[in-house]
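Input: a single structure, listed below in C-alpha coordinates.
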Amino acid sequence: MANTGTKDISYEELKALVGKSPNLILIDVRSEEEVAKGHIPGCTNIPLDTVETAFAMNPEEFKAKYGIKKPQLDAPELVFSCQTGRRSGLAIGKVQQLGYVTACNYTGGYSEWSKKEGK
(Lines give C-alpha, C1' and ligand atoms only; values in the text may rest on other atoms or scores of the structure.)
Protein backbone atom coordinates (compact mmCIF):
# COMPACT_ATOMS: atom_id res chain seq x y z
CA MET A 1 0.00 0.00 0.00
CA ALA A 2 1.55 3.29 -1.07
CA ASN A 3 1.63 6.03 1.52
CA THR A 4 1.24 9.28 -0.37
CA GLY A 5 0.76 11.63 2.56
CA THR A 6 3.20 12.47 5.30
CA LYS A 7 2.33 11.23 8.75
CA ASP A 8 2.45 13.94 11.38
CA ILE A 9 3.40 13.26 14.98
CA SER A 10 2.19 15.34 17.92
CA TYR A 11 4.14 16.63 20.91
CA GLU A 12 2.46 14.01 23.13
CA GLU A 13 3.34 11.17 20.75
CA LEU A 14 6.95 12.31 20.42
CA LYS A 15 7.30 12.94 24.16
CA ALA A 16 6.23 9.32 24.76
CA LEU A 17 9.11 8.11 22.54
CA VAL A 18 11.98 10.46 23.52
CA GLY A 19 14.37 8.71 25.87
CA LYS A 20 12.12 5.65 26.02
CA SER A 21 11.94 4.03 22.59
CA PRO A 22 15.06 2.32 21.24
CA ASN A 23 13.57 2.63 17.74
CA LEU A 24 13.22 6.41 17.73
CA ILE A 25 15.41 8.14 15.14
CA LEU A 26 14.90 11.87 15.52
CA ILE A 27 16.44 14.04 12.81
CA ASP A 28 16.64 17.81 13.39
CA VAL A 29 17.03 19.56 10.03
CA ARG A 30 17.76 23.04 11.40
CA SER A 31 21.18 24.66 11.02
CA GLU A 32 23.99 23.69 13.40
CA GLU A 33 23.76 27.16 14.98
CA GLU A 34 20.05 26.74 15.72
CA VAL A 35 20.53 23.25 17.17
CA ALA A 36 23.37 24.50 19.38
CA LYS A 37 20.93 26.95 21.02
CA GLY A 38 18.55 24.16 22.01
CA HIS A 39 17.18 20.87 20.72
CA ILE A 40 15.03 17.86 21.56
CA PRO A 41 17.08 15.29 23.53
CA GLY A 42 18.60 12.54 21.43
CA CYS A 43 18.18 14.24 18.08
CA THR A 44 20.71 13.97 15.26
CA ASN A 45 21.39 17.18 13.34
CA ILE A 46 21.27 16.80 9.56
CA PRO A 47 20.68 20.29 8.11
CA LEU A 48 17.98 20.48 5.43
CA ASP A 49 20.37 21.24 2.57
CA THR A 50 22.34 18.05 3.36
CA VAL A 51 19.41 15.67 3.96
CA GLU A 52 19.30 14.25 0.44
CA THR A 53 23.06 13.59 0.38
CA ALA A 54 22.98 12.08 3.87
CA PHE A 55 20.16 9.65 3.18
CA ALA A 56 21.75 8.60 -0.12
CA MET A 57 25.01 7.64 1.66
CA ASN A 58 25.95 4.06 2.26
CA PRO A 59 25.40 2.89 5.86
CA GLU A 60 29.11 3.01 6.78
CA GLU A 61 29.50 6.62 5.58
CA PHE A 62 26.29 7.66 7.33
CA LYS A 63 27.37 6.16 10.66
CA ALA A 64 30.85 7.68 10.39
CA LYS A 65 29.43 11.14 9.71
CA TYR A 66 26.41 11.24 12.05
CA GLY A 67 27.30 8.70 14.73
CA ILE A 68 24.06 6.75 14.36
CA LYS A 69 23.06 3.77 12.28
CA LYS A 70 21.51 4.75 8.95
CA PRO A 71 17.74 4.27 9.22
CA GLN A 72 16.12 1.38 7.34
CA LEU A 73 13.71 2.43 4.57
CA ASP A 74 10.77 1.25 6.69
CA ALA A 75 12.10 2.54 10.04
CA PRO A 76 9.06 2.52 12.37
CA GLU A 77 9.93 5.70 14.28
CA LEU A 78 11.83 7.98 11.90
CA VAL A 79 10.85 11.52 12.89
CA PHE A 80 11.97 14.79 11.34
CA SER A 81 11.78 18.10 13.18
CA CYS A 82 12.85 21.70 12.72
CA GLN A 83 11.67 24.95 14.30
CA THR A 84 8.06 25.04 13.11
CA GLY A 85 7.51 21.98 10.88
CA ARG A 86 8.11 23.61 7.49
CA ARG A 87 11.70 22.52 6.83
CA SER A 88 11.09 19.06 8.28
CA GLY A 89 8.20 18.71 5.82
CA LEU A 90 10.55 19.58 2.95
CA ALA A 91 13.12 17.09 4.27
CA ILE A 92 10.51 14.33 4.34
CA GLY A 93 9.63 15.09 0.73
CA LYS A 94 13.29 14.46 -0.15
CA VAL A 95 13.67 11.21 1.81
CA GLN A 96 10.33 9.84 0.60
CA GLN A 97 11.72 10.05 -2.94
CA LEU A 98 14.59 7.87 -1.71
CA GLY A 99 12.10 5.32 -0.37
CA TYR A 100 11.68 6.38 3.28
CA VAL A 101 7.91 5.99 3.26
CA THR A 102 7.39 5.88 7.03
CA ALA A 103 9.05 9.23 7.87
CA CYS A 104 6.96 11.37 10.25
CA ASN A 105 6.92 15.14 10.67
CA TYR A 106 6.89 16.65 14.15
CA THR A 107 4.95 19.68 12.95
CA GLY A 108 5.16 21.54 16.28
CA GLY A 109 8.91 21.66 15.94
CA TYR A 110 11.38 22.91 18.50
CA SER A 111 9.27 26.03 19.02
CA GLU A 112 6.39 23.92 20.45
CA TRP A 113 8.75 21.51 22.26
CA SER A 114 10.60 24.31 24.07
CA LYS A 115 7.31 25.97 25.13
CA LYS A 116 5.85 22.71 26.47
CA GLU A 117 9.12 21.75 28.15
CA GLY A 118 9.46 25.22 29.69
CA LYS A 119 12.88 25.86 28.13
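Residues in the C-alpha coordinates are named by chain (A, B, ... in the order shown) and by number from 1 within that chain; ligands are numbered from 1 in the order shown.
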### Task
Write out as a PyMOL selection string the residues lying within 10 Å of range 5-18 of chain A, counting only C-alpha atoms and excluding same-chain residues fewer than 3 positions away.
chain A and resi 2+21-26+40-43+77+79-81+85+89+92-93+96+101-110+112-113+116-117
### Message
Which residues are near Ala54 in chain A? Cut-off 12 Å, only C-alpha atoms, ignore same chain within fewer than 3 positions. Put them as an MDAnalysis selection string.
### Response
chainID A and resid 27 29 44:51 57:66 68:71 91 94:95 98
Please dump the current selection as a PDB file, in the first residue's frame; keep N, CA and C atoms.
```
ATOM      1  N   ILE A  27      15.540  13.243  13.637  1.00  0.00           N
ATOM      2  CA  ILE A  27      16.442  14.040  12.808  1.00  0.00           C
ATOM      3  C   ILE A  27      16.010  15.501  12.879  1.00  0.00           C
ATOM      4  N   VAL A  29      16.504  19.044  11.295  1.00  0.00           N
ATOM      5  CA  VAL A  29      17.032  19.556  10.027  1.00  0.00           C
ATOM      6  C   VAL A  29      17.369  21.050  10.073  1.00  0.00           C
ATOM      7  N   THR A  44      19.521  13.923  16.099  1.00  0.00           N
ATOM      8  CA  THR A  44      20.713  13.966  15.259  1.00  0.00           C
ATOM      9  C   THR A  44      20.512  15.121  14.286  1.00  0.00           C
ATOM     10  N   ASN A  45      21.498  16.001  14.203  1.00  0.00           N
ATOM     11  CA  ASN A  45      21.386  17.181  13.344  1.00  0.00           C
ATOM     12  C   ASN A  45      21.871  16.852  11.933  1.00  0.00           C
ATOM     13  N   ILE A  46      20.930  16.918  10.980  1.00  0.00           N
ATOM     14  CA  ILE A  46      21.272  16.797   9.559  1.00  0.00           C
ATOM     15  C   ILE A  46      20.589  17.978   8.867  1.00  0.00           C
ATOM     16  N   PRO A  47      21.312  19.096   8.681  1.00  0.00           N
ATOM     17  CA  PRO A  47      20.679  20.294   8.108  1.00  0.00           C
ATOM     18  C   PRO A  47      19.959  20.015   6.790  1.00  0.00           C
ATOM     19  N   LEU A  48      18.851  20.718   6.580  1.00  0.00           N
ATOM     20  CA  LEU A  48      17.979  20.479   5.430  1.00  0.00           C
ATOM     21  C   LEU A  48      18.735  20.370   4.114  1.00  0.00           C
ATOM     22  N   ASP A  49      19.692  21.266   3.875  1.00  0.00           N
ATOM     23  CA  ASP A  49      20.374  21.240   2.574  1.00  0.00           C
ATOM     24  C   ASP A  49      21.303  20.044   2.402  1.00  0.00           C
ATOM     25  N   THR A  50      21.485  19.241   3.467  1.00  0.00           N
ATOM     26  CA  THR A  50      22.343  18.050   3.360  1.00  0.00           C
ATOM     27  C   THR A  50      21.544  16.750   3.491  1.00  0.00           C
ATOM     28  N   VAL A  51      20.238  16.855   3.703  1.00  0.00           N
ATOM     29  CA  VAL A  51      19.408  15.666   3.963  1.00  0.00           C
ATOM     30  C   VAL A  51      19.470  14.654   2.813  1.00  0.00           C
ATOM     31  N   MET A  57      23.718   8.235   1.304  1.00  0.00           N
ATOM     32  CA  MET A  57      25.014   7.641   1.662  1.00  0.00           C
ATOM     33  C   MET A  57      24.874   6.153   1.930  1.00  0.00           C
ATOM     34  N   ASN A  58      26.008   5.455   1.840  1.00  0.00           N
ATOM     35  CA  ASN A  58      25.949   4.060   2.261  1.00  0.00           C
ATOM     36  C   ASN A  58      25.981   4.034   3.800  1.00  0.00           C
ATOM     37  N   PRO A  59      25.528   2.936   4.397  1.00  0.00           N
ATOM     38  CA  PRO A  59      25.404   2.891   5.862  1.00  0.00           C
ATOM     39  C   PRO A  59      26.693   3.199   6.623  1.00  0.00           C
ATOM     40  N   GLU A  60      27.835   2.761   6.098  1.00  0.00           N
ATOM     41  CA  GLU A  60      29.114   3.014   6.785  1.00  0.00           C
ATOM     42  C   GLU A  60      29.422   4.506   6.818  1.00  0.00           C
ATOM     43  N   GLU A  61      29.254   5.170   5.661  1.00  0.00           N
ATOM     44  CA  GLU A  61      29.503   6.620   5.579  1.00  0.00           C
ATOM     45  C   GLU A  61      28.569   7.371   6.527  1.00  0.00           C
ATOM     46  N   PHE A  62      27.300   6.989   6.512  1.00  0.00           N
ATOM     47  CA  PHE A  62      26.288   7.657   7.332  1.00  0.00           C
ATOM     48  C   PHE A  62      26.669   7.563   8.810  1.00  0.00           C
ATOM     49  N   LYS A  63      27.018   6.354   9.248  1.00  0.00           N
ATOM     50  CA  LYS A  63      27.370   6.155  10.657  1.00  0.00           C
ATOM     51  C   LYS A  63      28.628   6.941  11.024  1.00  0.00           C
ATOM     52  N   ALA A  64      29.609   6.956  10.125  1.00  0.00           N
ATOM     53  CA  ALA A  64      30.849   7.679  10.393  1.00  0.00           C
ATOM     54  C   ALA A  64      30.585   9.180  10.528  1.00  0.00           C
ATOM     55  N   LYS A  65      29.680   9.703   9.699  1.00  0.00           N
ATOM     56  CA  LYS A  65      29.427  11.143   9.707  1.00  0.00           C
ATOM     57  C   LYS A  65      28.502  11.568  10.841  1.00  0.00           C
ATOM     58  N   TYR A  66      27.448  10.801  11.095  1.00  0.00           N
ATOM     59  CA  TYR A  66      26.410  11.240  12.046  1.00  0.00           C
ATOM     60  C   TYR A  66      26.410  10.490  13.377  1.00  0.00           C
ATOM     61  N   ILE A  68      25.188   7.663  14.132  1.00  0.00           N
ATOM     62  CA  ILE A  68      24.063   6.749  14.361  1.00  0.00           C
ATOM     63  C   ILE A  68      23.945   5.828  13.155  1.00  0.00           C
ATOM     64  N   LYS A  69      23.282   4.709  13.365  1.00  0.00           N
ATOM     65  CA  LYS A  69      23.060   3.766  12.281  1.00  0.00           C
ATOM     66  C   LYS A  69      22.120   4.413  11.262  1.00  0.00           C
ATOM     67  N   LYS A  70      22.400   4.208   9.987  1.00  0.00           N
ATOM     68  CA  LYS A  70      21.507   4.755   8.954  1.00  0.00           C
ATOM     69  C   LYS A  70      20.145   4.072   9.080  1.00  0.00           C
ATOM     70  N   PRO A  71      19.075   4.874   9.090  1.00  0.00           N
ATOM     71  CA  PRO A  71      17.736   4.268   9.218  1.00  0.00           C
ATOM     72  C   PRO A  71      17.411   3.323   8.062  1.00  0.00           C
ATOM     73  N   ALA A  91      12.161  18.185   4.135  1.00  0.00           N
ATOM     74  CA  ALA A  91      13.121  17.086   4.268  1.00  0.00           C
ATOM     75  C   ALA A  91      12.444  15.740   4.015  1.00  0.00           C
ATOM     76  N   LYS A  94      12.031  14.949   0.454  1.00  0.00           N
ATOM     77  CA  LYS A  94      13.286  14.462  -0.146  1.00  0.00           C
ATOM     78  C   LYS A  94      13.533  12.989   0.177  1.00  0.00           C
ATOM     79  N   VAL A  95      13.359  12.606   1.455  1.00  0.00           N
ATOM     80  CA  VAL A  95      13.665  11.213   1.815  1.00  0.00           C
ATOM     81  C   VAL A  95      12.599  10.242   1.315  1.00  0.00           C
ATOM     82  N   LEU A  98      13.546   8.884  -1.827  1.00  0.00           N
ATOM     83  CA  LEU A  98      14.592   7.869  -1.709  1.00  0.00           C
ATOM     84  C   LEU A  98      14.036   6.559  -1.145  1.00  0.00           C
TER      85      LEU A  98
END
```
So which residues of chain A fall under strand (DSSP E or B) by DSSP, listed as a PDB file with N, CA, C and O atoms, in the first residue's frame?
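As written to disk, part-v5.pdb reads:
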```
ATOM      1  N   LYS A   7       2.947  11.425   7.448  1.00  0.00           N
ATOM      2  CA  LYS A   7       2.328  11.231   8.755  1.00  0.00           C
ATOM      3  C   LYS A   7       2.894  12.285   9.707  1.00  0.00           C
ATOM      4  O   LYS A   7       4.098  12.481   9.776  1.00  0.00           O
ATOM      5  N   ASP A   8       2.013  12.970  10.392  1.00  0.00           N
ATOM      6  CA  ASP A   8       2.449  13.944  11.380  1.00  0.00           C
ATOM      7  C   ASP A   8       2.448  13.287  12.756  1.00  0.00           C
ATOM      8  O   ASP A   8       1.671  12.376  13.018  1.00  0.00           O
ATOM      9  N   ILE A   9       3.332  13.779  13.623  1.00  0.00           N
ATOM     10  CA  ILE A   9       3.403  13.261  14.980  1.00  0.00           C
ATOM     11  C   ILE A   9       3.224  14.448  15.935  1.00  0.00           C
ATOM     12  O   ILE A   9       3.740  15.534  15.667  1.00  0.00           O
ATOM     13  N   ILE A  25      14.322   7.449  15.846  1.00  0.00           N
ATOM     14  CA  ILE A  25      15.407   8.139  15.140  1.00  0.00           C
ATOM     15  C   ILE A  25      14.873   9.540  14.865  1.00  0.00           C
ATOM     16  O   ILE A  25      13.970   9.726  14.046  1.00  0.00           O
ATOM     17  N   LEU A  26      15.392  10.506  15.619  1.00  0.00           N
ATOM     18  CA  LEU A  26      14.898  11.873  15.521  1.00  0.00           C
ATOM     19  C   LEU A  26      15.932  12.718  14.788  1.00  0.00           C
ATOM     20  O   LEU A  26      17.052  12.873  15.252  1.00  0.00           O
ATOM     21  N   ILE A  27      15.540  13.243  13.637  1.00  0.00           N
ATOM     22  CA  ILE A  27      16.442  14.040  12.808  1.00  0.00           C
ATOM     23  C   ILE A  27      16.010  15.501  12.879  1.00  0.00           C
ATOM     24  O   ILE A  27      14.882  15.830  12.535  1.00  0.00           O
ATOM     25  N   ASP A  28      16.912  16.356  13.335  1.00  0.00           N
ATOM     26  CA  ASP A  28      16.642  17.806  13.395  1.00  0.00           C
ATOM     27  C   ASP A  28      17.305  18.421  12.167  1.00  0.00           C
ATOM     28  O   ASP A  28      18.518  18.326  12.000  1.00  0.00           O
ATOM     29  N   THR A  44      19.521  13.923  16.099  1.00  0.00           N
ATOM     30  CA  THR A  44      20.713  13.966  15.259  1.00  0.00           C
ATOM     31  C   THR A  44      20.512  15.121  14.286  1.00  0.00           C
ATOM     32  O   THR A  44      19.472  15.212  13.641  1.00  0.00           O
ATOM     33  N   ASN A  45      21.498  16.001  14.203  1.00  0.00           N
ATOM     34  CA  ASN A  45      21.386  17.181  13.344  1.00  0.00           C
ATOM     35  C   ASN A  45      21.871  16.852  11.933  1.00  0.00           C
ATOM     36  O   ASN A  45      23.029  16.522  11.720  1.00  0.00           O
ATOM     37  N   LEU A  78      10.911   7.002  12.501  1.00  0.00           N
ATOM     38  CA  LEU A  78      11.825   7.980  11.896  1.00  0.00           C
ATOM     39  C   LEU A  78      11.083   9.311  11.883  1.00  0.00           C
ATOM     40  O   LEU A  78      10.073   9.466  11.196  1.00  0.00           O
ATOM     41  N   VAL A  79      11.548  10.249  12.715  1.00  0.00           N
ATOM     42  CA  VAL A  79      10.847  11.523  12.894  1.00  0.00           C
ATOM     43  C   VAL A  79      11.767  12.673  12.504  1.00  0.00           C
ATOM     44  O   VAL A  79      12.930  12.714  12.903  1.00  0.00           O
ATOM     45  N   PHE A  80      11.231  13.593  11.722  1.00  0.00           N
ATOM     46  CA  PHE A  80      11.971  14.792  11.337  1.00  0.00           C
ATOM     47  C   PHE A  80      11.384  15.993  12.066  1.00  0.00           C
ATOM     48  O   PHE A  80      10.164  16.118  12.191  1.00  0.00           O
ATOM     49  N   SER A  81      12.261  16.879  12.531  1.00  0.00           N
ATOM     50  CA  SER A  81      11.777  18.095  13.182  1.00  0.00           C
ATOM     51  C   SER A  81      12.644  19.267  12.757  1.00  0.00           C
ATOM     52  O   SER A  81      13.761  19.094  12.260  1.00  0.00           O
ATOM     53  N   CYS A 104       7.987  10.529   9.629  1.00  0.00           N
ATOM     54  CA  CYS A 104       6.955  11.368  10.253  1.00  0.00           C
ATOM     55  C   CYS A 104       7.485  12.782  10.447  1.00  0.00           C
ATOM     56  O   CYS A 104       8.677  12.984  10.667  1.00  0.00           O
ATOM     57  N   ASN A 105       6.564  13.738  10.445  1.00  0.00           N
ATOM     58  CA  ASN A 105       6.922  15.136  10.670  1.00  0.00           C
ATOM     59  C   ASN A 105       6.398  15.585  12.037  1.00  0.00           C
ATOM     60  O   ASN A 105       5.203  15.504  12.305  1.00  0.00           O
ATOM     61  N   TYR A 106       7.320  16.024  12.892  1.00  0.00           N
ATOM     62  CA  TYR A 106       6.889  16.651  14.149  1.00  0.00           C
ATOM     63  C   TYR A 106       6.604  18.114  13.807  1.00  0.00           C
ATOM     64  O   TYR A 106       7.492  18.945  13.791  1.00  0.00           O
TER      65      TYR A 106
END
```
### Test item, alpha helix (DSSP H) assignment across chain A, answer as a PyMOL selection string
chain A and resi 11-17+32-37+51-56+59-66+86-97+109-117
### Two-atom distance - CA of Arg30 in chain A, CA of Asp74 in chain A (Å)
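Here the two named atoms are 23.4 Å from each other.
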### Query
How many Å separate CA of Tyr100 in chain A from CA of Leu73 in chain A?
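Straight-line distance from CA of Tyr100 in chain A to CA of Leu73 in chain A works out to 4.6 Å.
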